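Okay, input16.csv now, which holds CSV, C-alpha atoms:
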```
chain,number,residue,atom,x,y,z
A,1,ALA,CA,9.3,13.4,-45.5
A,2,GLN,CA,8.1,11.2,-42.7
A,3,SER,CA,10.8,9.8,-40.4
A,4,VAL,CA,11.3,7.7,-37.3
A,5,THR,CA,14.1,8.1,-34.7
A,6,GLN,CA,14.7,5.3,-32.2
A,7,LEU,CA,16.9,6.6,-29.3
A,8,GLY,CA,19.5,4.0,-28.4
A,9,SER,CA,20.6,1.2,-30.7
A,10,HIS,CA,21.0,-1.0,-27.6
A,11,VAL,CA,19.1,-1.0,-24.4
A,12,SER,CA,20.0,-3.3,-21.5
A,13,VAL,CA,17.6,-4.0,-18.5
A,14,SER,CA,17.5,-6.5,-15.7
A,15,GLU,CA,15.0,-9.3,-15.7
A,16,GLY,CA,11.9,-8.0,-13.9
A,17,ALA,CA,12.7,-4.3,-14.5
A,18,LEU,CA,10.8,-1.8,-16.6
A,19,VAL,CA,11.4,-1.8,-20.3
A,20,LEU,CA,11.3,1.5,-22.1
A,21,LEU,CA,12.1,1.8,-25.8
A,22,ARG,CA,11.9,5.3,-27.3
A,23,CYS,CA,10.5,6.3,-30.6
A,24,ASN,CA,10.0,9.8,-32.0
A,25,TYR,CA,8.4,10.4,-35.4
A,26,SER,CA,8.2,13.3,-37.8
A,27,SER,CA,5.0,13.7,-39.8
A,28,SER,CA,2.9,16.8,-40.7
A,29,VAL,CA,-0.3,14.8,-41.0
A,30,PRO,CA,-1.9,12.4,-38.5
A,31,PRO,CA,0.3,9.4,-38.5
A,32,TYR,CA,-0.2,5.7,-38.0
A,33,LEU,CA,2.4,4.1,-35.8
A,34,PHE,CA,3.6,0.6,-35.4
A,35,TRP,CA,5.9,-1.4,-33.2
A,36,TYR,CA,7.4,-4.6,-34.6
A,37,VAL,CA,9.6,-7.2,-32.9
A,38,GLN,CA,12.3,-9.4,-34.6
A,39,TYR,CA,13.9,-12.4,-33.0
A,40,PRO,CA,17.3,-13.5,-34.3
A,41,ASN,CA,17.3,-14.6,-37.9
A,42,GLN,CA,13.5,-14.3,-38.2
A,43,GLY,CA,11.0,-12.0,-39.7
A,44,LEU,CA,9.1,-9.2,-38.0
A,45,GLN,CA,6.0,-9.6,-35.9
A,46,LEU,CA,3.6,-6.9,-35.1
A,47,LEU,CA,3.5,-6.0,-31.4
A,48,LEU,CA,0.9,-3.1,-31.6
A,49,LYS,CA,-0.3,-0.3,-33.7
A,50,TYR,CA,-1.8,3.2,-33.2
A,51,THR,CA,-4.6,4.2,-35.5
A,52,SER,CA,-6.1,7.2,-33.5
A,53,ALA,CA,-8.8,5.2,-31.7
A,54,ALA,CA,-7.0,5.5,-28.3
A,55,THR,CA,-3.7,7.1,-27.3
A,56,LEU,CA,-2.7,4.2,-25.1
A,57,VAL,CA,-2.4,1.0,-27.1
A,58,LYS,CA,-2.0,-2.4,-25.7
A,59,GLY,CA,-0.2,-5.1,-27.6
A,60,ILE,CA,0.9,-8.7,-27.3
A,61,ASN,CA,3.3,-10.1,-24.7
A,62,GLY,CA,2.4,-7.4,-22.2
A,63,PHE,CA,3.8,-4.5,-24.2
A,64,GLU,CA,2.0,-1.2,-24.5
A,65,ALA,CA,2.7,2.2,-26.1
A,66,GLU,CA,1.4,5.7,-25.6
A,67,PHE,CA,0.9,8.2,-28.5
A,68,LYS,CA,1.8,11.7,-27.4
A,69,LYS,CA,1.2,14.2,-30.2
A,70,SER,CA,2.7,17.1,-28.3
A,71,GLU,CA,6.0,15.2,-28.0
A,72,THR,CA,5.7,13.4,-31.3
A,73,SER,CA,6.5,10.2,-29.5
A,74,PHE,CA,5.3,6.6,-29.4
A,75,HIS,CA,7.4,5.0,-26.7
A,76,LEU,CA,7.1,1.2,-26.0
A,77,THR,CA,6.9,0.0,-22.4
A,78,LYS,CA,6.6,-3.2,-20.5
A,79,PRO,CA,6.3,-3.2,-16.7
A,80,SER,CA,8.5,-6.3,-16.1
A,81,ALA,CA,11.1,-7.6,-18.5
A,82,HIS,CA,11.4,-11.3,-19.2
A,83,MET,CA,14.3,-13.1,-20.7
A,84,SER,CA,12.2,-14.0,-23.8
A,85,ASP,CA,11.8,-10.3,-24.5
A,86,ALA,CA,15.4,-10.1,-25.8
A,87,ALA,CA,15.1,-9.2,-29.5
A,88,GLU,CA,15.3,-6.3,-32.0
A,89,TYR,CA,12.4,-3.8,-31.8
A,90,PHE,CA,11.4,-1.5,-34.7
A,91,CYS,CA,9.2,1.5,-34.7
A,92,ALA,CA,7.5,2.5,-38.0
A,93,VAL,CA,5.3,5.3,-39.2
A,94,SER,CA,2.9,5.6,-42.1
A,95,ASP,CA,0.7,8.4,-43.3
A,96,ARG,CA,-1.6,9.1,-46.3
A,97,ARG,CA,1.0,11.1,-48.2
A,98,TYR,CA,3.2,8.2,-48.7
A,99,SER,CA,1.0,5.2,-48.8
A,100,GLY,CA,-0.6,4.0,-51.9
A,101,GLY,CA,-3.1,2.2,-49.8
A,102,GLY,CA,-1.1,-0.5,-48.1
A,103,ALA,CA,2.2,-1.0,-46.2
A,104,ASP,CA,4.3,0.6,-49.0
A,105,GLY,CA,4.3,3.9,-47.1
A,106,LEU,CA,5.9,2.4,-43.9
A,107,THR,CA,9.1,4.1,-42.8
A,108,PHE,CA,11.0,2.1,-40.3
A,109,GLY,CA,13.4,3.3,-37.6
A,110,LYS,CA,16.9,1.7,-37.3
A,111,GLY,CA,15.9,-0.6,-34.5
A,112,THR,CA,16.7,-1.0,-30.8
A,113,HIS,CA,18.3,-4.2,-29.6
A,114,LEU,CA,16.9,-5.1,-26.2
A,115,ILE,CA,19.2,-7.0,-23.9
A,116,ILE,CA,17.9,-8.7,-20.8
A,117,GLN,CA,20.3,-9.2,-17.9
A,118,PRO,CA,19.6,-12.2,-15.6
B,1,ASP,CA,-1.6,-22.5,-41.3
B,2,GLY,CA,-1.6,-19.2,-43.3
B,3,GLY,CA,1.6,-17.4,-43.7
B,4,ILE,CA,4.5,-16.3,-45.8
B,5,THR,CA,7.2,-18.7,-46.9
B,6,GLN,CA,10.6,-17.5,-48.0
B,7,SER,CA,13.2,-19.8,-49.5
B,8,PRO,CA,16.0,-20.6,-49.2
B,9,LYS,CA,16.8,-19.5,-45.6
B,10,TYR,CA,20.5,-19.0,-46.5
B,11,LEU,CA,21.9,-18.3,-50.0
B,12,PHE,CA,25.5,-17.9,-51.2
B,13,ARG,CA,26.3,-16.2,-54.5
B,14,LYS,CA,29.4,-15.7,-56.4
B,15,GLU,CA,30.2,-12.2,-57.7
B,16,GLY,CA,28.6,-11.6,-61.1
B,17,GLN,CA,25.8,-14.1,-60.7
B,18,ASN,CA,22.1,-13.4,-60.6
B,19,VAL,CA,20.1,-15.1,-57.8
B,20,THR,CA,16.4,-15.4,-57.2
B,21,LEU,CA,14.7,-15.4,-53.8
B,22,SER,CA,11.4,-17.0,-53.5
B,23,CYS,CA,8.4,-15.7,-51.6
B,24,GLU,CA,5.0,-17.4,-51.4
B,25,GLN,CA,1.9,-16.4,-49.3
B,26,ASN,CA,-1.4,-18.1,-48.6
B,27,LEU,CA,-3.0,-15.3,-46.8
B,28,ASN,CA,-4.9,-14.1,-49.9
B,29,HIS,CA,-3.3,-10.7,-49.6
B,30,ASP,CA,-3.3,-8.4,-52.6
B,31,ALA,CA,-0.1,-6.6,-51.8
B,32,MET,CA,3.4,-8.0,-51.4
B,33,TYR,CA,6.7,-6.3,-50.6
B,34,TRP,CA,10.4,-6.9,-50.5
B,35,TYR,CA,12.6,-5.2,-47.9
B,36,ARG,CA,16.4,-5.3,-47.4
B,37,GLN,CA,17.8,-5.2,-43.9
B,38,ASP,CA,21.3,-4.3,-43.0
B,39,PRO,CA,22.7,-4.1,-39.4
B,40,GLY,CA,21.8,-0.8,-37.8
B,41,GLN,CA,19.9,0.4,-40.9
B,42,GLY,CA,16.4,-0.7,-40.3
B,43,LEU,CA,14.3,-2.0,-43.2
B,44,ARG,CA,14.4,-0.4,-46.7
B,45,LEU,CA,11.7,-1.0,-49.3
B,46,ILE,CA,13.0,-2.5,-52.6
B,47,TYR,CA,9.9,-3.3,-54.6
B,48,TYR,CA,6.2,-3.7,-53.9
B,49,SER,CA,3.2,-5.0,-55.8
B,50,GLN,CA,-0.4,-4.0,-55.2
B,51,ILE,CA,-1.9,-6.4,-57.7
B,52,VAL,CA,-1.0,-9.2,-60.1
B,53,ASN,CA,1.1,-8.2,-63.1
B,54,ASP,CA,1.9,-4.8,-61.6
B,55,PHE,CA,4.7,-3.6,-59.3
B,56,GLN,CA,6.4,-0.4,-58.2
B,57,LYS,CA,9.9,0.5,-57.3
B,58,GLY,CA,10.7,1.3,-53.7
B,59,ASP,CA,13.5,3.3,-52.2
B,60,ILE,CA,16.4,1.1,-53.3
B,61,ALA,CA,15.3,-0.8,-56.5
B,62,GLU,CA,18.6,-0.5,-58.4
B,63,GLY,CA,20.1,-3.8,-59.1
B,64,TYR,CA,17.0,-5.8,-58.3
B,65,SER,CA,14.0,-7.1,-60.4
B,66,VAL,CA,10.7,-8.7,-59.5
B,67,SER,CA,7.7,-10.3,-61.1
B,68,ARG,CA,4.1,-10.9,-60.0
B,69,GLU,CA,2.5,-13.4,-62.3
B,70,LYS,CA,0.4,-15.0,-59.5
B,71,LYS,CA,-1.2,-13.5,-56.5
B,72,GLU,CA,0.6,-15.9,-54.2
B,73,SER,CA,4.1,-15.4,-55.5
B,74,PHE,CA,6.5,-12.4,-55.6
B,75,PRO,CA,10.1,-13.6,-56.4
B,76,LEU,CA,13.0,-11.2,-56.2
B,77,THR,CA,16.1,-11.4,-58.4
B,78,VAL,CA,19.3,-9.9,-57.2
B,79,THR,CA,21.2,-9.1,-60.3
B,80,SER,CA,25.0,-8.7,-60.9
B,81,ALA,CA,24.3,-4.9,-61.1
B,82,GLN,CA,23.6,-4.8,-57.3
B,83,LYS,CA,27.0,-3.7,-55.9
B,84,ASN,CA,26.6,-4.8,-52.3
B,85,PRO,CA,24.0,-7.6,-52.2
B,86,THR,CA,25.0,-9.2,-48.9
B,87,ALA,CA,22.1,-8.6,-46.6
B,88,PHE,CA,19.0,-10.1,-45.0
B,89,TYR,CA,16.0,-10.0,-47.3
B,90,LEU,CA,12.4,-9.9,-46.0
B,91,CYS,CA,9.3,-10.5,-47.9
B,92,ALA,CA,5.9,-9.2,-46.6
B,93,SER,CA,2.3,-9.1,-47.6
B,94,SER,CA,-0.8,-7.1,-46.6
B,95,ILE,CA,-4.3,-6.3,-47.5
B,96,TYR,CA,-4.8,-3.0,-49.2
B,97,GLN,CA,-7.0,-0.8,-47.1
B,98,GLY,CA,-5.0,2.3,-46.2
B,99,PRO,CA,-1.9,3.5,-44.4
B,100,ASN,CA,-2.9,1.8,-41.2
B,101,THR,CA,-2.4,-1.5,-42.9
B,102,GLU,CA,-0.2,-4.1,-41.0
B,103,ALA,CA,2.4,-6.0,-42.9
B,104,PHE,CA,3.0,-9.7,-42.3
B,105,PHE,CA,6.5,-10.9,-42.7
B,106,GLY,CA,8.3,-14.1,-43.8
B,107,GLN,CA,11.3,-15.6,-42.0
B,108,GLY,CA,13.8,-14.0,-44.3
B,109,THR,CA,16.6,-15.1,-46.6
B,110,ARG,CA,20.2,-14.3,-45.7
B,111,LEU,CA,22.2,-13.7,-48.9
B,112,THR,CA,26.0,-13.7,-48.8
B,113,VAL,CA,28.3,-13.0,-51.7
B,114,VAL,CA,31.4,-15.1,-51.7
```
Would you put the structure from the file into structure tokens?
Amino acid sequence: AQSVTQLGSHVSVSEGALVLLRCNYSSSVPPYLFWYVQYPNQGLQLLLKYTSAATLVKGINGFEAEFKKSETSFHLTKPSAHMSDAAEYFCAVSDRRYSGGGADGLTFGKGTHLIIQP
Amino acid sequence: DGGITQSPKYLFRKEGQNVTLSCEQNLNHDAMYWYRQDPGQGLRLIYYSQIVNDFQKGDIAEGYSVSREKKESFPLTVTSAQKNPTAFYLCASSIYQGPNTEAFFGQGTRLTVV
């Protein structure tokens, strides 16, 4: 079965510091990978997705993620944290074995709560 | 503006009651989904529908029911058979073009059993 592991349920960084949120996946076939952000009491918004076109993926709000097949990782980074980045971040994986053709094959990680210290 | 509307935002239910959560989309998406979110658990798929008048069980369908009579609407009923219904419920939609499909989410409904 495909799975996603997000290391660290809570990550705290200072404003202006590097943000690094870790995601490792398990999949025996080429995966599609996603990062979503959730602000308090709201739905999820797509930050970026990897679809095999390029290993370094740039997303919204200055975030980017690098696909590393050898490490089965898709870590999310941002060079300089802003107070508005405080939110819950979810990594998700999908592959052709589990998807009927849409987002029904998405498997989500348990989320990482990003805290920004002033 | 196109998007997904969930209502109500907050819902309280007495034990033994059925409640229905509304989800409407105007994105012209074929597929719609219901997820349940619990603290520290990520999102789990309850039901999904690829097309009108058809739907499939997800990972945790027991105690829930859905209908898809219109392309725009995918209501979720939480029945009295659901033993632990208190959670945050998210509706989503997408086009249907493969496993790289992005899901678009509503703002969620927080259900509390009192």
For a quick check of your reading of the model, name the residues lying within 6 Å of the coordinate (6.4, -1.4, -30.1), counting only C-alpha atoms, and write them as a PyMOL selection string.
chain A and resi 35-36+47-48+76
From the options A:Ser80, A:Ser94, A:Ser27, A:Gln42, which residue's atoms come nearest to B:Cys91, counting all atoms listed in the file?
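Result for the nearest residue to B:Cys91: A:Gln42.
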Please identify all residues of chain A having at least one atom at most 12 Å from any atom of chain B, considering only C-alpha atoms, and return them as a count of residues only.
58
Between atom CA of A:Leu56 and atom CA of A:Ser84, what distance in Å does the model show, to one decimal?
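Going from atom CA of A:Leu56 over to atom CA of A:Ser84 covers 23.6 Å.
The gap separating atom CA of B:Gly2 from atom CA of B:Val78 is 26.8 Å, in Å to one decimal.
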Given the choices B:Lys57, B:Thr86, B:Ser80, B:Pro75, which gets closest to B:Leu21 if the distance is worked out from all atoms listed in the file?
B:Pro75
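Residue nearest B:Val114 within the list B:Gln25, B:Gln17, B:Ser67, B:Thr79: B:Gln17 [criterion: smallest interatomic distance, all atoms listed in the file].
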Tell me, as a short mmCIF file (atom, residue, chain, number, x, y, z; two decimals) with C-alpha atoms, in the coordinates of the input, which residues lie within 8 Å of A:Ile116, counting all atoms listed in the file; anything in the same chain fewer than 4 positions away does not count.
```
data_model
loop_
_atom_site.label_atom_id
_atom_site.label_comp_id
_atom_site.auth_asym_id
_atom_site.auth_seq_id
_atom_site.Cartn_x
_atom_site.Cartn_y
_atom_site.Cartn_z
CA SER A 12 20.00 -3.30 -21.50
CA VAL A 13 17.60 -4.00 -18.50
CA SER A 14 17.50 -6.50 -15.70
CA GLU A 15 15.00 -9.30 -15.70
CA ALA A 81 11.10 -7.60 -18.50
CA HIS A 82 11.40 -11.30 -19.20
CA MET A 83 14.30 -13.10 -20.70
CA ASP A 85 11.80 -10.30 -24.50
CA ALA A 86 15.40 -10.10 -25.80
#
```
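The spacing separating atom CA of B:Leu76 from atom CA of B:Val19 amounts to 8.3 Å.
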Neighbour list for B:Glu24 as a PyMOL selection string, cut-off 6 Å, all atoms listed in the file, skip fewer than 6 positions in-chain
chain B and resi 4-5+72-73
